[in-house]
Amino acid sequence: MNILRSTRLHCDSFYVIGEIQGVNDEAVVNYRDHLTTQEIMKEAKKEEIVYRSLEPGMSEALVKCIRSVYGDSYPLTEFYDPDCIESLIKQKLLYSEVAINQDGEIIANLSTQLEKVGDRTADASAGMVAAPFRGYGTILQLGMRMVSVYEELGLCGVQLYSITLHTITQKLIADGGGILTGVLPAHFPKGTTADGFKGASGRVGVVSFYMPLKKLPSRSVYVPLEYKEQICNIYKQVKCDREVLRPSKDKLATDSIYEITSYNQTGVIHMRLDRVGSDTGNVLNFLDATAFENASEVDYLDIPLNDSACGFAVDLARAKGFVYGNLILERGNTDRLRLQKLDNSTFLPENMQLTSEAAKSFLNLILKEIDSQ
């Protein structure tokens, strides 16, 4: 069994405005248009702030910044581990832009994380500003610096996850050109909070968006019938060149290829299928056993849409209680359908703040699938 080093499933997006501005110039302009002259003047903070890229040796300072914002409640536990941060930087999987005050402390951060080196899309994460420095354009500056990172990595787009404790970032992402790809109602553990926002009972959900940067490569994809309407609608909005084919078991491989990771501290198990095989049923049994052993509350299964047998995997997974999650574009030279298995007793749909009818429609689809099982 291959263990995935660290799958970037998450983005808290409490202060994700910088992430939006970092991926879309129009969003930067829109933001500036909303600033009054007085607010722009306010950005000239008395204390000089220096902006730079996160480098090896700065990880402990980043951890200190995260604790100043979230205490011990930040869901991405690797950001509390300096050694893990150092490793991700050296593996070229983590790219961060930081703001530093006159005392040499990191007071703001904005990160981009690759699932694997060479991917054409990445996940935005860890966008945050220490409370005393909010409102001075700090995250805007980090977002503008992140544009260069996206260009250097040759990214076609960025995946964003907006937490449903509030509606601020959902609106900002949508206004900046973000395309909604799904809802993960129980993504973060119970107790996830941040300064200035009311917590929720049960686990905390996220809305998934894709922010396009440039045209995606042309691909042929096999789209499962159960979710054809949702997936094709996303493709239409992204304006990507996708030849949509009907799944078939005619060329089913013998052995599956997969990676699995347990995030014990957040109660999540994630499996990434890279090839569907005749043994996929047994692979999903192994996923169930791993979830039981680790007492997970949410299981994610990513299915590759370049595999003609993806429909076979979807059928097996739905029989085990998996439902729609979101679509992840251009990972490992294909798009991936993420299914999720969750107990609706672990979250309260009425506590999820959703801004768009599309987000509500995805949530209704998910709840309907859960209820029908």
# chains A, B, ... in the order shown; residues from 1 in each chain; ligands from 1
$ residues_around --residues "A:Ala309" --least-positions-apart "4" --cutoff "6 Å" --atoms "only C-alpha atoms" --output "list in words"
Pro247, Ser248, Lys249 and Leu252 of chain A
$ residues_around --residues "stretch 337-347 of chain A" --least-positions-apart "3" --cutoff "8 Å" --atoms "only C-alpha atoms" --output "ChimeraX atom specification"
/A:184-186,201-204,297-305,321-328,367,370
$ select_by_dssp --residues "stretch 242-309 of chain A" --states "strand (DSSP E)" --output "JSON, numbers by chain"
{"A": [242, 243, 244, 245, 257, 258, 259, 260, 261, 262, 263, 268, 269, 270, 271, 272, 273, 274, 275, 298, 299, 300, 301, 302, 303, 304]}
$ closest_residue --among "A:Gly281, A:Gly267, A:Pro82, A:Pro224" --to "A:Asp307" --atoms "only C-alpha atoms"
A:Pro224
$ atom_distance --atom1 "atom CA of A:Gly205" --atom2 "atom CA of A:Arg331"
22.7 Å
$ closest_residue --among "A:Met271, A:Ile168, A:Ala122, A:Ala131" --to "A:Tyr70" --atoms "only C-alpha atoms"
A:Ala131
$ closest_residue --among "A:Tyr258, A:Tyr235, A:Tyr227, A:Tyr80" --to "A:Arg318" --atoms "only C-alpha atoms"
A:Tyr227
$ select_by_dssp --residues "stretch 19-239 of chain A" --states "helix (DSSP H, G or I)" --output "count of residues only"
87
$ closest_residue --among "A:Leu62, A:Gly57, A:Lys90, A:Glu105" --to "A:Gly127" --atoms "only C-alpha atoms"
A:Leu62
$ closest_residue --among "A:Leu354, A:Ile366, A:Met211, A:Ala317" --to "A:His166" --atoms "only C-alpha atoms"
A:Leu354
$ residues_around --residues "A:Thr254" --least-positions-apart "6" --cutoff "9 Å" --atoms "only C-alpha atoms" --output "JSON, numbers by chain"
{"A": [276, 277, 278, 279]}
$ closest_residue --among "A:Ile269, A:Val129, A:Val98, A:Lys92" --to "A:Arg67" --atoms "only C-alpha atoms"
A:Val129
$ residues_around --residues "A:Arg52" --least-positions-apart "5" --cutoff "8 Å" --atoms "only C-alpha atoms" --output "ChimeraX atom specification"
/A:97-100
$ write_last_selection --atoms "N, CA and C atoms" --output "PDB file, in the first residue's frame"
ATOM      1  N   GLU A  97       3.537  32.810   0.529  1.00  0.00           N
ATOM      2  CA  GLU A  97       3.965  34.196   0.606  1.00  0.00           C
ATOM      3  C   GLU A  97       3.583  34.696   1.994  1.00  0.00           C
ATOM      4  N   VAL A  98       4.502  35.383   2.666  1.00  0.00           N
ATOM      5  CA  VAL A  98       4.262  35.802   4.040  1.00  0.00           C
ATOM      6  C   VAL A  98       4.526  37.296   4.211  1.00  0.00           C
ATOM      7  N   ALA A  99       3.914  37.874   5.247  1.00  0.00           N
ATOM      8  CA  ALA A  99       4.154  39.256   5.647  1.00  0.00           C
ATOM      9  C   ALA A  99       4.841  39.234   7.007  1.00  0.00           C
ATOM     10  N   ILE A 100       5.868  40.061   7.152  1.00  0.00           N
ATOM     11  CA  ILE A 100       6.684  40.062   8.366  1.00  0.00           C
ATOM     12  C   ILE A 100       6.710  41.468   8.948  1.00  0.00           C
TER      13      ILE A 100
END
$ atom_distance --atom1 "atom CA of A:Glu243" --atom2 "atom CA of A:Leu329"
14.3 Å
$ atom_distance --atom1 "atom CA of A:Gly135" --atom2 "atom CA of A:Val50"
16.3 Å
$ residues_around --residues "A:Val223" --least-positions-apart "3" --cutoff "8 Å" --atoms "only C-alpha atoms" --output "VMD selection string"
chain A and resid 227 to 228 231 244 to 247 305 310 to 311
$ residues_around --residues "A:Lys214" --least-positions-apart "6" --cutoff "8 Å" --atoms "only C-alpha atoms" --output "list in words"
Leu155, Cys156 and Gly157 of chain A
$ decode --residues "stretch 282-300 of chain A" --atoms "C-alpha atoms" --output "PDB file, in the first residue's frame"
ATOM      1  CA  ASN A 282     -11.938  -5.416  -2.503  1.00  0.00           C
ATOM      2  CA  VAL A 283     -10.093  -2.101  -2.521  1.00  0.00           C
ATOM      3  CA  LEU A 284     -13.231  -0.349  -1.291  1.00  0.00           C
ATOM      4  CA  ASN A 285     -13.614  -3.020   1.397  1.00  0.00           C
ATOM      5  CA  PHE A 286     -10.103  -2.120   2.508  1.00  0.00           C
ATOM      6  CA  LEU A 287     -11.119   1.540   2.570  1.00  0.00           C
ATOM      7  CA  ASP A 288     -14.076   0.662   4.799  1.00  0.00           C
ATOM      8  CA  ALA A 289     -11.837  -1.346   7.137  1.00  0.00           C
ATOM      9  CA  THR A 290      -9.329   1.501   7.345  1.00  0.00           C
ATOM     10  CA  ALA A 291     -12.111   3.982   8.074  1.00  0.00           C
ATOM     11  CA  PHE A 292     -13.478   1.747  10.846  1.00  0.00           C
ATOM     12  CA  GLU A 293     -10.038   1.215  12.357  1.00  0.00           C
ATOM     13  CA  ASN A 294      -9.359   4.958  12.412  1.00  0.00           C
ATOM     14  CA  ALA A 295     -12.894   5.932  13.473  1.00  0.00           C
ATOM     15  CA  SER A 296     -13.154   8.365  10.562  1.00  0.00           C
ATOM     16  CA  GLU A 297     -16.235  10.530  10.166  1.00  0.00           C
ATOM     17  CA  VAL A 298     -15.739  11.350   6.471  1.00  0.00           C
ATOM     18  CA  ASP A 299     -14.314   9.179   3.678  1.00  0.00           C
ATOM     19  CA  TYR A 300     -13.283  10.622   0.302  1.00  0.00           C
TER      20      TYR A 300
END
